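A.B. asks: The structure's right below; bear with me while I get my questions together.
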Amino acid sequence: MELIDDYQHQGQRKKLLQEIREMGIASEAVLEAMNRVPRHYFLSSAFDRFAYQNQAFQIGAGQTISKPFTVARQTELLNCARGAKVLEIGTGSGYQCAVLCAMGYKVHSIERQKELFDKARPLLKAMGWRPELYYGDGYKGKEVFAPFDGIIVTCGAPEVPESLLGQLAIGGTLVIPVGDGEGQRMFTFTRMTENEFTRQEHGEFAFVPMLASRAPKAMR
Ligand code: SAH
C-alpha cells in the first residue's frame, strides 16, 4: 500500500478546511484533526482529484464516504474530551474513524459490509491508527465495551436504536442522522441521568441507510 501525501494534496486539504470553516465549523480541534488525515487515501487513486472537494463519494458495496463538512459537523457535535471512548456505527472507508483517532479518542467502530471492513482495517493500520474494528450489526452497539462517552452513527437511521442510548455514559452524547429515504435530520441525545436524555436538532443531511444486520450470528 503506497501512501503519499504530497504538497498538492496538503494544499488542497488546507483549502477545503478553510471552506469548511467558512461554512460554520468553529472547532479548531476538529479542523486540525481533519488536516492530519489525508482523505485521498480513502478513495481509489483514480479519484484522487475528488478527495478534497466537499462531496460524498462512492467507496464500493453501494456505500459512500460522507461529505467532509458532514464529518466535521458530526465530530464537532460529539464534543468529547481527548482520551474519551467513542463508538462509531458505519466504518465504511474508515475516514471518519481516522478523524476520531486524530481527535485523541479511543475508537471502536462497527461495519456490516464485509468488503468495506476488510478494506478499512489494513488501511487504518498502515496509517498508524489503532481503532478497534468490528464486523457486525451496529444496531446492537458494543455492550461489552459500554458505556461510551460518545456514539456517532454515520448512516441514516429509520429510528433511534434504544440499545445505543443505553450504551451512553452519563454526560455522553449520541450523534445520529434520523430519517428514511433521501434526507435525514441530525440529532444529538445527551444522557443527563440514568433515565433522562436531552435532544437537540441540527439540520438536514443526506446519508446512506442504516440497514438491519446480515453478518452471520457468530460475527455479531
Ligand atoms: N463513516 C464512513 C461512512 C460510510 S457510509 C466513512 O467515513 O467512510 C455508512 C456506512 O454504514 C456504510 O459503510 C454501511 O455499510 C454502514 N452501515 C449501514 N448499516 C449498518 C449497521 N446496521 N451496522 C453497521 N454499519 C452499518
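Letters A, B, ... go to the chains of the C-alpha cells in the order shown; residues in each chain start at 1; ligands are counted from 1 in the same order.
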Output the neighbourhood of ligand 1 as number ranges by chain, that is, all protein and nucleic acid residues with some atom at most 8 Å from the ligand, counting only C-alpha atoms and all ligand atoms.
C.D. replies: A: 42, 59, 61, 63-66, 71, 88-97, 110-113, 116, 135-139, 153-156, 207-213
A.B. asks: With DSSP run on the backbone, what are the helix (DSSP H, G or I) residues within region 1-208 of chain A? I'd like them as a VMD selection string.
C.D. replies: chain A and resid 7 to 22 28 to 35 39 to 42 45 to 50 68 to 78 95 to 102 114 to 127 138 to 140 143 to 145 162 to 166
A.B. asks: Give me, please, the distance in Å between CA of Glu182 (chain A) and CA of Glu204 (chain A), quoted to one decimal.
C.D. replies: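 Distance between the two atoms: 10.4 Å.
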A.B. asks: Please return, as a PyMOL selection string, all residues of region 12-197 of chain A that DSSP assigns to strand (DSSP E) on the basis of the backbone.
C.D. replies: chain A and resi 57-60+63-65+85-89+106-111+132-135+148-153+168-178+184-191+197
A.B. asks: Set the distance at 6 Å and use only C-alpha atoms: which residues neighbour Pro158 (chain A) once local chain neighbours fewer than 5 positions away are removed? I'd like the list as a list in words.
C.D. replies: Val178, Gly179 and Asp180 of chain A
A.B. asks: Could you write those residues out with N, CA and C atoms, as an mmCIF file, in the first residue's frame?
C.D. replies:
data_model
loop_
_atom_site.group_PDB
_atom_site.id
_atom_site.type_symbol
_atom_site.label_atom_id
_atom_site.label_comp_id
_atom_site.auth_asym_id
_atom_site.auth_seq_id
_atom_site.Cartn_x
_atom_site.Cartn_y
_atom_site.Cartn_z
ATOM 1 N N VAL A 178 -31.387 10.936 11.604
ATOM 2 C CA VAL A 178 -32.606 10.128 11.678
ATOM 3 C C VAL A 178 -33.529 10.448 10.512
ATOM 4 N N GLY A 179 -33.995 9.387 9.852
ATOM 5 C CA GLY A 179 -34.958 9.572 8.773
ATOM 6 C C GLY A 179 -34.833 8.481 7.729
ATOM 7 N N ASP A 180 -35.948 8.169 7.086
ATOM 8 C CA ASP A 180 -35.970 7.192 5.999
ATOM 9 C C ASP A 180 -35.683 7.910 4.692
#
A.B. asks: Need to verify the contact set: Gly150 (chain A), 12 Å, only C-alpha atoms, exclusion of same-chain residues closer than 3 positions in sequence. Can you return it as a PyMOL selection string?
C.D. replies: chain A and resi 74-89+100+105-109+141+146-147+153+164-176+188-191
A.B. asks: So, counting only C-alpha atoms, which residue among A:Thr70, A:Ala120, A:Phe148, A:Gly60 is closest to Met186 (chain A)?
C.D. replies: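 Using only C-alpha atoms, Met186 (chain A) sits closest to A:Thr70.
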A.B. asks: Have a look at A:Leu16, A:Gln200, A:Phe117, A:Ile152 and name the one nearest to Pro68 (chain A); count only C-alpha atoms.
C.D. replies: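 With only C-alpha atoms as the atom set, the closest residue is A:Leu16.
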A.B. asks: Do you have the CA of Thr198 (chain A)-CA of Ala98 (chain A) distance handy?
C.D. replies: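 Here the two named atoms are 28.1 Å from each other.
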A.B. asks: Between A:Ile25, A:Ile20, A:Ala102, A:Val30, which is the closest to Gln53 (chain A) once you count only C-alpha atoms?
C.D. replies: A:Ile20
